[in-house]
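**Q** So here's final_27.txt (compact mmCIF, C-alpha atoms).
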```
# COMPACT_ATOMS: atom_id res chain seq x y z
CA MET A 26 -15.96 15.29 30.89
CA LYS A 27 -16.12 16.31 27.22
CA PHE A 28 -14.72 14.34 24.31
CA CYS A 29 -13.45 15.60 20.94
CA PRO A 30 -16.23 15.14 18.34
CA ASN A 31 -13.57 14.34 15.73
CA CYS A 32 -11.29 11.77 17.41
CA GLY A 33 -12.86 10.97 20.80
CA TYR A 34 -9.94 12.40 22.84
CA LYS A 35 -10.76 13.52 26.41
CA LEU A 36 -10.93 17.30 26.66
CA SER A 37 -10.31 19.56 29.61
CA GLU A 38 -12.94 22.15 30.53
CA GLY A 39 -12.87 25.24 28.34
CA SER A 40 -10.83 23.64 25.55
CA LYS A 41 -11.01 25.59 22.30
CA PHE A 42 -9.11 22.98 20.25
CA CYS A 43 -8.50 19.26 20.64
CA PRO A 44 -4.85 18.75 21.74
CA ASN A 45 -4.81 15.41 19.91
CA CYS A 46 -6.12 16.24 16.41
CA GLY A 47 -6.47 20.03 16.43
CA TYR A 48 -10.26 19.98 15.85
CA LYS A 49 -11.99 23.27 16.81
CA ILE A 50 -14.43 22.86 19.71
CA THR A 51 -17.61 25.00 19.57
CA ASP A 52 -20.70 25.23 21.74
CA ASP A 53 -22.98 23.85 18.99
CA ASN A 54 -21.16 20.49 18.82
CA LYS A 55 -23.62 17.66 19.44
CA PHE A 56 -22.39 14.41 20.94
CA GLU A 57 -23.64 10.88 21.17
CA LYS A 58 -22.19 7.68 22.57
CA VAL A 59 -20.80 5.38 19.85
CA SER A 60 -18.89 2.17 20.62
CA GLY A 61 -17.59 3.51 23.94
CA LYS A 62 -16.46 6.84 22.43
CA HIS A 63 -18.12 10.24 21.99
CA PHE A 64 -18.31 11.49 18.44
CA LYS A 65 -20.07 14.27 16.61
CA THR A 66 -23.57 13.20 15.55
CA ASN A 67 -22.95 13.91 11.87
CA GLN A 68 -19.37 12.58 11.90
CA ILE A 69 -20.06 9.77 9.43
CA LYS A 70 -22.57 11.49 7.14
CA THR A 71 -20.29 14.22 5.80
CA LYS A 72 -20.97 16.40 2.78
CA LYS A 73 -19.24 15.64 -0.47
CA SER A 74 -16.15 17.81 -0.81
CA LYS A 75 -16.19 20.52 -3.46
CA THR A 76 -12.49 21.19 -3.08
CA LYS A 77 -10.43 20.65 -6.22
CA ILE A 78 -6.65 20.49 -6.40
CA LYS A 79 -4.18 19.92 -9.19
CA LEU A 80 -0.99 18.10 -8.29
CA ASN A 81 2.15 19.61 -9.79
CA TYR A 82 4.40 16.57 -10.11
CA SER A 83 7.42 18.57 -11.29
CA GLU A 84 7.18 20.59 -8.07
CA ILE A 85 6.50 17.52 -5.91
CA PHE A 86 9.64 15.76 -7.16
CA SER A 87 11.76 18.91 -7.37
CA GLU A 88 13.99 17.75 -4.48
CA LEU A 89 14.96 14.42 -6.07
CA PHE A 90 18.36 15.36 -7.44
CA LYS A 91 19.29 18.10 -4.98
CA HIS A 92 21.90 17.64 -2.28
CA HIS A 93 20.49 16.59 1.08
CA THR A 94 22.25 16.07 4.38
CA THR A 95 22.17 13.06 6.67
CA LYS A 96 20.39 15.21 9.24
CA GLU A 97 17.56 15.87 6.77
CA ALA A 98 17.15 12.14 6.18
CA GLU A 99 17.17 11.43 9.91
CA GLU A 100 14.44 14.03 10.44
CA ILE A 101 12.28 12.31 7.82
CA PHE A 102 12.72 8.92 9.47
CA SER A 103 11.73 10.44 12.82
CA TRP A 104 8.25 11.29 11.55
CA GLY A 105 5.43 9.67 13.48
CA VAL A 106 7.25 9.50 16.80
CA LYS A 107 5.02 12.36 17.92
CA ARG A 108 1.82 12.87 15.96
CA PRO A 109 1.26 16.47 14.85
CA THR A 110 -2.05 18.27 15.35
CA LEU A 111 -4.17 19.15 12.34
CA GLU A 112 -2.94 22.74 12.57
CA GLN A 113 0.69 21.57 12.36
CA ILE A 114 0.16 19.57 9.15
CA ASP A 115 1.39 21.48 6.08
CA VAL A 116 -0.55 20.35 3.00
CA ASN A 117 1.72 22.35 0.69
CA VAL A 118 4.93 20.45 1.43
CA ILE A 119 5.24 17.14 -0.43
CA HIS A 120 8.82 16.65 -1.60
CA PRO A 121 9.88 12.98 -1.51
CA TRP A 122 13.52 12.25 -2.26
CA VAL A 123 14.81 9.59 0.18
CA PHE A 124 13.10 6.79 -1.77
CA LEU A 125 15.33 7.42 -4.79
CA ARG A 126 18.49 7.07 -2.65
CA ILE A 127 17.22 3.76 -1.30
CA PHE A 128 16.26 2.58 -4.79
CA SER A 129 19.74 3.45 -6.06
CA CYS A 130 21.47 1.51 -3.26
CA LEU A 131 19.29 -1.56 -3.82
CA PHE A 132 19.79 -1.32 -7.59
CA ILE A 133 23.58 -1.26 -7.20
CA ALA A 134 23.38 -4.28 -4.88
CA CYS A 135 21.29 -6.13 -7.49
CA ALA A 136 23.82 -5.32 -10.22
CA VAL A 137 26.77 -6.52 -8.11
CA PHE A 138 25.14 -9.86 -7.27
CA LEU A 139 23.86 -10.29 -10.83
CA PHE A 140 27.39 -10.24 -12.24
CA THR A 141 28.65 -12.69 -9.60
CA MET A 142 25.74 -15.09 -9.96
CA ASN A 143 27.32 -17.46 -12.47
CA SER A 144 30.46 -17.90 -10.40
CA SER A 145 29.10 -17.91 -6.84
CA GLN A 146 26.05 -19.34 -5.08
CA LEU A 147 26.19 -16.28 -2.83
CA GLY A 148 25.42 -14.22 -5.92
CA ILE A 149 22.25 -16.23 -6.55
CA GLY A 150 20.91 -15.66 -3.05
CA GLY A 151 22.03 -12.04 -2.95
CA PHE A 152 20.36 -11.17 -6.23
CA ALA A 153 17.12 -12.91 -5.22
CA PHE A 154 17.05 -10.97 -1.92
CA PHE A 155 17.84 -7.49 -3.22
CA SER A 156 15.79 -7.76 -6.43
CA ALA A 157 12.75 -8.79 -4.36
CA LEU A 158 13.26 -5.70 -2.16
CA LEU A 159 14.08 -3.22 -4.94
CA MET A 160 10.70 -1.92 -6.14
CA PRO A 161 8.28 -2.73 -3.28
CA PHE A 162 10.54 -1.29 -0.56
CA SER A 163 11.31 1.85 -2.61
CA ILE A 164 7.61 2.43 -3.27
CA MET A 165 6.90 1.99 0.43
CA VAL A 166 9.44 4.70 1.32
CA LEU A 167 7.96 6.97 -1.38
CA PHE A 168 4.48 6.81 0.13
CA TYR A 169 5.92 7.17 3.62
CA GLU A 170 7.33 10.52 2.45
CA VAL A 171 4.10 11.48 0.66
CA ASN A 172 2.15 10.97 3.89
CA ILE A 173 2.36 14.56 5.10
CA THR A 174 0.24 13.80 8.17
CA HIS A 175 3.34 12.22 9.79
CA GLU A 176 0.98 9.93 11.73
CA VAL A 177 2.74 6.69 10.83
CA SER A 178 6.32 6.15 12.00
CA PHE A 179 8.84 4.33 9.84
CA TYR A 180 8.99 1.70 12.57
CA ASN A 181 5.28 1.02 12.05
CA MET A 182 5.80 0.93 8.28
CA LEU A 183 8.49 -1.74 8.72
CA LYS A 184 6.30 -3.55 11.22
CA SER A 185 3.46 -3.59 8.68
CA LEU A 186 5.81 -4.91 6.01
CA LEU A 187 7.22 -7.70 8.19
CA ILE A 188 3.89 -8.81 9.64
CA SER A 189 2.31 -8.84 6.19
CA GLY A 190 5.18 -10.91 4.82
CA ILE A 191 4.69 -13.47 7.59
CA LEU A 192 0.97 -13.37 8.35
CA ALA A 193 -0.29 -12.87 4.80
CA GLY A 194 1.95 -15.69 3.62
CA ILE A 195 0.56 -18.04 6.27
CA ILE A 196 -3.06 -17.04 5.60
CA THR A 197 -2.60 -17.43 1.86
CA LEU A 198 -1.02 -20.87 2.26
CA VAL A 199 -3.93 -22.00 4.44
CA ILE A 200 -6.60 -20.66 2.08
CA ASP A 201 -4.68 -21.86 -0.96
CA SER A 202 -4.51 -25.39 0.49
CA ILE A 203 -8.31 -25.32 0.70
CA THR A 204 -8.87 -23.96 -2.81
CA SER A 205 -6.05 -25.85 -4.56
CA GLN A 206 -8.53 -28.54 -5.62
CA SER A 207 -10.40 -26.03 -7.76
CA GLN A 208 -8.37 -26.96 -10.85
CA THR A 209 -10.85 -27.04 -13.71
CA PHE A 210 -10.83 -29.35 -16.70
CA THR A 211 -9.85 -26.43 -18.95
CA ASN A 212 -6.87 -25.62 -16.72
CA GLN A 213 -5.68 -29.21 -16.86
CA VAL A 214 -6.01 -29.30 -20.66
CA THR A 215 -4.51 -25.90 -21.51
CA GLY A 216 -1.93 -25.73 -18.71
CA GLY A 217 -3.05 -22.16 -17.99
CA MET A 218 -5.23 -20.58 -15.31
CA THR A 219 -8.80 -19.80 -16.29
CA ALA A 220 -10.53 -16.79 -14.74
CA PHE A 221 -12.25 -19.10 -12.25
CA ASP A 222 -8.96 -20.75 -11.24
CA ALA A 223 -7.27 -17.35 -10.91
CA PHE A 224 -10.17 -16.14 -8.76
CA MET A 225 -10.15 -19.18 -6.46
CA GLN A 226 -6.39 -19.65 -6.16
CA ALA A 227 -5.07 -16.08 -6.28
CA GLY A 228 -7.56 -13.21 -6.36
CA LEU A 229 -9.86 -14.30 -3.55
CA PRO A 230 -7.47 -15.87 -0.98
CA GLU A 231 -4.62 -13.39 -1.40
CA GLU A 232 -6.78 -10.27 -1.25
CA ILE A 233 -8.59 -11.60 1.82
CA ALA A 234 -5.18 -12.23 3.38
CA LYS A 235 -3.95 -8.71 2.67
CA SER A 236 -7.21 -7.18 3.88
CA VAL A 237 -6.90 -9.02 7.19
CA VAL A 238 -3.39 -7.63 7.71
CA VAL A 239 -4.43 -4.12 6.57
CA ILE A 240 -7.33 -4.04 9.03
CA TYR A 241 -5.13 -5.41 11.83
CA MET A 242 -2.49 -2.72 11.28
CA ILE A 243 -5.11 0.04 11.07
CA ILE A 244 -6.54 -1.13 14.40
CA LYS A 245 -3.05 -1.19 15.97
CA ILE A 246 -1.71 2.10 14.54
CA LYS A 247 -5.03 4.02 14.71
CA PRO A 248 -4.50 6.41 11.78
CA LYS A 249 -7.00 9.26 11.45
CA TYR A 250 -6.40 10.35 7.88
CA LEU A 251 -6.71 8.70 4.48
CA LEU A 252 -3.07 9.36 3.53
CA SER A 253 -1.91 7.43 6.59
CA GLY A 254 -4.14 4.49 5.70
CA ILE A 255 -2.75 4.42 2.16
CA ALA A 256 0.82 4.39 3.52
CA ILE A 257 -0.03 1.45 5.79
CA GLY A 258 -1.62 -0.37 2.87
CA ILE A 259 1.45 0.20 0.70
CA ALA A 260 3.66 -1.25 3.46
CA VAL A 261 1.42 -4.31 3.81
CA GLY A 262 1.42 -4.83 0.05
CA ALA A 263 5.20 -4.40 -0.08
CA GLY A 264 5.66 -7.20 2.45
CA PHE A 265 3.46 -9.48 0.40
CA ALA A 266 5.18 -8.52 -2.89
CA ILE A 267 8.67 -9.14 -1.46
CA LEU A 268 7.61 -12.55 -0.17
CA GLU A 269 6.04 -13.54 -3.48
CA THR A 270 8.83 -12.22 -5.70
CA SER A 271 11.51 -14.02 -3.72
CA GLY A 272 9.38 -17.16 -4.01
CA TYR A 273 9.08 -16.80 -7.78
CA ILE A 274 12.82 -16.28 -8.21
CA THR A 275 13.68 -19.24 -5.95
CA ASN A 276 11.21 -21.45 -7.82
CA GLN A 277 12.75 -20.52 -11.17
CA ALA A 278 16.22 -21.30 -9.80
CA LEU A 279 15.08 -24.71 -8.55
CA GLN A 280 13.55 -25.51 -11.94
CA VAL A 281 16.83 -24.69 -13.70
CA ILE A 282 18.77 -26.92 -11.28
CA ALA A 283 16.26 -29.75 -11.77
CA LYS A 284 16.57 -29.48 -15.53
CA TYR A 285 20.31 -28.91 -15.99
CA GLY A 286 21.76 -30.31 -12.76
CA SER A 287 25.29 -29.13 -11.94
CA ASN A 288 25.40 -27.19 -15.23
CA GLY A 289 22.36 -25.16 -14.24
CA GLN A 290 24.30 -22.36 -12.59
CA ALA A 291 25.40 -21.12 -16.02
CA TYR A 292 21.73 -20.43 -16.89
CA MET A 293 20.69 -19.25 -13.45
CA GLY A 294 21.61 -15.60 -13.91
CA MET A 295 19.50 -15.04 -17.00
CA VAL A 296 16.48 -16.89 -15.63
CA GLU A 297 16.51 -15.01 -12.30
CA PHE A 298 17.12 -11.71 -14.06
CA GLN A 299 14.12 -12.18 -16.37
CA THR A 300 11.85 -13.08 -13.45
CA ALA A 301 13.07 -10.15 -11.34
CA LEU A 302 12.70 -7.73 -14.28
CA VAL A 303 9.08 -8.70 -14.99
CA ARG A 304 8.14 -8.63 -11.31
CA GLY A 305 10.00 -5.38 -10.69
CA LEU A 306 8.59 -3.41 -13.61
CA SER A 307 5.03 -4.33 -12.69
CA ALA A 308 5.40 -4.01 -8.89
CA PHE A 309 3.92 -0.50 -8.77
CA GLY A 310 0.49 -1.80 -9.78
CA GLY A 311 0.46 -5.19 -8.05
CA HIS A 312 0.26 -6.09 -4.37
CA VAL A 313 1.37 -2.65 -3.14
CA SER A 314 -1.49 -0.93 -4.98
CA TRP A 315 -4.08 -3.59 -4.16
CA ALA A 316 -3.40 -3.39 -0.43
CA ALA A 317 -3.41 0.43 -0.59
CA ILE A 318 -6.84 0.37 -2.27
CA GLU A 319 -8.18 -1.93 0.45
CA ALA A 320 -6.76 0.35 3.16
CA GLY A 321 -8.30 3.32 1.38
CA GLY A 322 -11.70 1.62 1.44
CA ILE A 323 -11.49 1.12 5.21
CA MET A 324 -10.29 4.70 5.82
CA LEU A 325 -13.08 6.18 3.70
CA ALA A 326 -15.56 4.23 5.82
CA LYS A 327 -14.15 5.07 9.25
CA LYS A 328 -12.98 8.63 8.47
CA GLN A 329 -11.28 10.25 11.50
CA ARG A 330 -12.84 8.04 14.17
CA GLU A 331 -11.51 4.73 15.45
CA PHE A 332 -12.09 1.52 13.52
CA ASN A 333 -15.44 -0.19 14.00
CA ILE A 334 -16.33 -3.71 12.84
CA SER A 335 -19.13 -2.19 10.75
CA ASP A 336 -16.46 -0.59 8.51
CA ILE A 337 -15.78 -4.03 7.02
CA PHE A 338 -19.36 -4.07 5.71
CA SER A 339 -19.23 -0.52 4.37
CA TYR A 340 -19.86 0.32 0.73
CA SER A 341 -16.40 1.85 0.25
CA PHE A 342 -14.57 -1.24 1.51
CA PHE A 343 -16.84 -3.54 -0.50
CA ILE A 344 -16.02 -1.64 -3.71
CA ALA A 345 -12.32 -1.57 -2.78
CA ILE A 346 -11.90 -5.31 -2.17
CA LEU A 347 -14.13 -6.19 -5.13
CA THR A 348 -11.91 -4.04 -7.34
CA THR A 349 -8.70 -5.63 -6.09
CA ILE A 350 -10.06 -9.16 -6.47
CA ILE A 351 -11.11 -8.43 -10.06
CA LEU A 352 -7.76 -6.84 -10.92
CA HIS A 353 -5.80 -9.66 -9.26
CA THR A 354 -7.90 -12.29 -11.01
CA ALA A 355 -7.43 -10.61 -14.39
CA TRP A 356 -3.67 -10.32 -13.72
CA ASP A 357 -3.29 -14.07 -13.07
CA THR A 358 -5.72 -15.31 -15.74
CA SER A 359 -3.71 -16.94 -18.53
CA TYR A 360 -6.55 -18.59 -20.46
CA PHE A 361 -9.80 -16.80 -21.32
CA ALA A 362 -12.42 -17.33 -24.04
CA GLY A 363 -10.13 -19.61 -26.02
CA ILE A 364 -7.20 -17.17 -25.82
CA SER A 365 -3.99 -18.34 -24.15
CA PHE A 366 -2.02 -15.37 -22.87
CA ASP A 367 0.95 -17.65 -22.17
CA ASN A 368 1.39 -18.14 -25.93
CA SER A 369 1.57 -14.41 -26.63
CA GLU A 370 4.04 -12.27 -24.69
CA THR A 371 2.51 -9.10 -26.18
CA LEU A 372 -1.02 -9.97 -25.01
CA SER A 373 0.26 -11.11 -21.62
CA ASN A 374 2.19 -7.87 -21.04
CA PHE A 375 -0.73 -5.75 -22.27
CA LYS A 376 -3.05 -7.46 -19.78
CA MET A 377 -0.59 -7.28 -16.89
CA TYR A 378 0.43 -3.63 -17.35
CA GLY A 379 -3.15 -2.63 -18.09
CA CYS A 380 -4.19 -4.00 -14.69
CA ALA A 381 -1.14 -2.37 -13.07
CA PHE A 382 -1.88 1.12 -14.42
CA ILE A 383 -5.55 0.86 -13.42
CA ALA A 384 -4.60 -0.13 -9.85
CA PHE A 385 -1.94 2.55 -9.49
CA GLY A 386 -4.30 5.13 -10.99
CA ILE A 387 -6.79 4.34 -8.23
CA VAL A 388 -4.04 4.75 -5.62
CA LEU A 389 -3.14 8.17 -7.05
CA TYR A 390 -6.82 9.13 -6.96
CA LEU A 391 -7.06 8.08 -3.30
CA THR A 392 -3.85 9.98 -2.52
CA LYS A 393 -5.30 13.13 -4.06
CA LYS A 394 -8.51 12.53 -2.11
CA GLY A 395 -6.41 12.22 1.06
CA ILE A 396 -4.83 15.63 0.45
CA ILE A 397 -8.28 17.14 -0.20
CA GLU A 398 -9.47 15.61 3.08
CA LEU A 399 -6.75 17.50 4.96
CA VAL A 400 -7.45 20.75 3.10
CA ASP A 401 -11.16 20.53 3.97
CA LEU A 402 -10.48 19.68 7.62
CA LYS A 403 -8.09 22.58 7.96
CA LYS A 404 -10.64 24.92 6.34
CA ASP A 405 -13.38 23.77 8.71
CA ASN A 406 -11.01 24.10 11.63
CA SER A 407 -10.11 27.70 10.76
CA LYS A 408 -13.73 28.90 10.61
CA ASP A 409 -14.89 30.96 13.56
```
Do you think you could lay out the structure here as structure tokens?

**A**
Amino acid sequence: MKFCPNCGYKLSEGSKFCPNCGYKITDDNKFEKVSGKHFKTNQIKTKKSKTKIKLNYSEIFSELFKHHTTKEAEEIFSWGVKRPTLEQIDVNVIHPWVFLRIFSCLFIACAVFLFTMNSSQLGIGGFAFFSALLMPFSIMVLFYEVNITHEVSFYNMLKSLLISGILAGIITLVIDSITSQSQTFTNQVTGGMTAFDAFMQAGLPEEIAKSVVVIYMIIKIKPKYLLSGIAIGIAVGAGFAILETSGYITNQALQVIAKYGSNGQAYMGMVEFQTALVRGLSAFGGHVSWAAIEAGGIMLAKKQREFNISDIFSYSFFIAILTTIILHTAWDTSYFAGISFDNSETLSNFKMYGCAFIAFGIVLYLTKKGIIELVDLKKDNSKD
């Protein structure tokens, strides 16, 4: 019995192409046994791609404001139910538009609850819920649409989001309870987080937590391509971001109540709005990007084969998680070299958005690399 050198799928005698991934089968394929699967001998040591592409963003988002039917939306949300072969993947069709509809609906819900917040407790809870969903969930849908491999179903995206919101929260709470005693003398004096405190209490435990969930979902979903891994990472990060944002908003509300008592509801709207605005505007470069980078590191290590424990110790994943820990630590650091970022809104915003744009820039780079991966695979597959 032969196995596909690209994905390990069992092949029937005389197969010219793998029915699972579309890989072309030739007589000069060499096989070896690896972790219970047969893979091509040079599967991991691939040549550096020379393919270059330029993304035309005006073309990519050309469908945003056009009329679309319910049937079109339903077709998009049916992606991933049956995985297409490599030959069936069209690398020239990336036209996301559903995410903007979802963003608009969530934005309207936020606006409605914002204006009812001062007169109704339902408004407080409603605004906290929808404002926490607004940016992370919309970004998740965007990258679901960008994933032209159609390997990951929307069900699995939601599953990744929900599991990350639960599991990552639990893991972070456990690790945070262990590292909470790392408060330094400087932190106690200044009232801000030093780089060491941010590393121990945020960067390290939270990125480990997200990485655990990312790896778990990659093992369960078994994506072959980089774009699929990025989409899974975005979903995991979205779950974490939603959990954290709702926590921040709730905490701010409780502080207002503790300070003003029964009169606190009059101030609640402004406080929750400010928190939601800051968290929302920076969401693109926070948890969603960090988890996507970590997923990208794993996918670059494993390529089209199944996940192996050795991928955790790969160079690409090491660089990925090191990068996210550094960015997360810098994001949360409020006191460094005698400078208190809490005392300067300009400096604080510059630091936060600087980290956000760096993280999102890396995600865009990985996305482009994912498209190049598909182009190269399709080229190799078309050679005689």

**Q** Show me, as a list in words, the residues that have an atom within 9 Å of A:Glu88 when counting only C-alpha atoms, minus same-chain residues fewer than 3 positions from it.

**A**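 What passes the distance filter is Glu84, Ile85, Lys91, His92, His93, His120, Pro121 and Trp122 of chain A.
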
**Q** Hey, what's within 8 Å of A:Ile318 if we count all atoms listed in the file and toss same-chain stuff fewer than 6 positions away? As JSON, numbers by chain, please?

**A** {"A": [255, 258, 345, 346, 349, 384, 387, 388, 391]}

**Q** Deliver the residues from the most recent selection as a file, using C-alpha atoms, as a PDB file, in the frame of the given file.

**A**
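Result file result-v7.pdb:
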```pdb
ATOM      1  CA  ILE A 255      -2.750   4.420   2.160  1.00  0.00           C
ATOM      2  CA  GLY A 258      -1.620  -0.370   2.870  1.00  0.00           C
ATOM      3  CA  ALA A 345     -12.320  -1.570  -2.780  1.00  0.00           C
ATOM      4  CA  ILE A 346     -11.900  -5.310  -2.170  1.00  0.00           C
ATOM      5  CA  THR A 349      -8.700  -5.630  -6.090  1.00  0.00           C
ATOM      6  CA  ALA A 384      -4.600  -0.130  -9.850  1.00  0.00           C
ATOM      7  CA  ILE A 387      -6.790   4.340  -8.230  1.00  0.00           C
ATOM      8  CA  VAL A 388      -4.040   4.750  -5.620  1.00  0.00           C
ATOM      9  CA  LEU A 391      -7.060   8.080  -3.300  1.00  0.00           C
TER      10      LEU A 391
END
```

**Q** In Å, with one decimal, what is the gap from atom CA of A:Val106 to atom CA of A:Gly310?

**A**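 Straight-line distance from atom CA of A:Val106 to atom CA of A:Gly310 works out to 29.7 Å.
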
**Q** Excluding stretch 324-333 of chain A and residues on its chain fewer than 2 positions from it, collect all residues at most 7 Å away from it, counting all atoms listed in the file, and give them as a PyMOL selection string.

**A** chain A and resi 31-32+244+247+249-251+254+320-322+335-336+339+341

**Q** Suppose you want the space between atom CA of A:Leu402 and atom CA of A:Phe124; what is it in Å?

**A**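 Result for atom CA of A:Leu402 versus atom CA of A:Phe124: 28.5 Å, one decimal.
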
**Q** For A:Phe309, work out the shell of residues within 9 Å, counting all atoms listed in the file and skipping chain neighbours fewer than 2 positions away, then give it as a ChimeraX atom specification.

**A** /A:160-161,164,305-307,311-314,381-382,384-385

**Q** Under the rule that only C-alpha atoms are counted, which of A:Phe86, A:Phe298, A:Met242, A:Leu399 is the nearest residue to A:Leu139?

**A**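 Distance minimum relative to A:Leu139 lands on A:Phe298.
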
**Q** Extract, using all atoms listed in the file, all DNA, RNA and protein residues at most 7 Å from stretch 113-118 of chain A, discarding same-chain residues fewer than 3 positions from it, and format them as an MDAnalysis selection string.

**A** chainID A and resid 109:110 173:174 396 400

**Q** Return the single residue from A:Ile233, A:Leu167, A:Ala157, A:Ile282 that is closest to A:Val303, with distances computed using all atoms listed in the file.

**A**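 Checking each candidate against A:Val303, we get A:Ala157 as the closest.
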
**Q** How many Å separate atom CA of A:Lys79 from atom CA of A:Ile383?

**A**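 Result for atom CA of A:Lys79 versus atom CA of A:Ile383: 19.6 Å, one decimal.
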
**Q** From the set A:Gln299, A:Gly395, A:Met225, A:Phe342, which residue has the shortest atom-to-atom contact distance to A:Ala256, counting only C-alpha atoms?

**A** A:Gly395

**Q** With distances taken over all atoms listed in the file, which residue among A:Thr371, A:Thr219, A:Ser271, A:Gln226 lies nearest A:Phe155?

**A**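 When distances to A:Phe155 are compared using all atoms listed in the file, the smallest one comes from A:Ser271.
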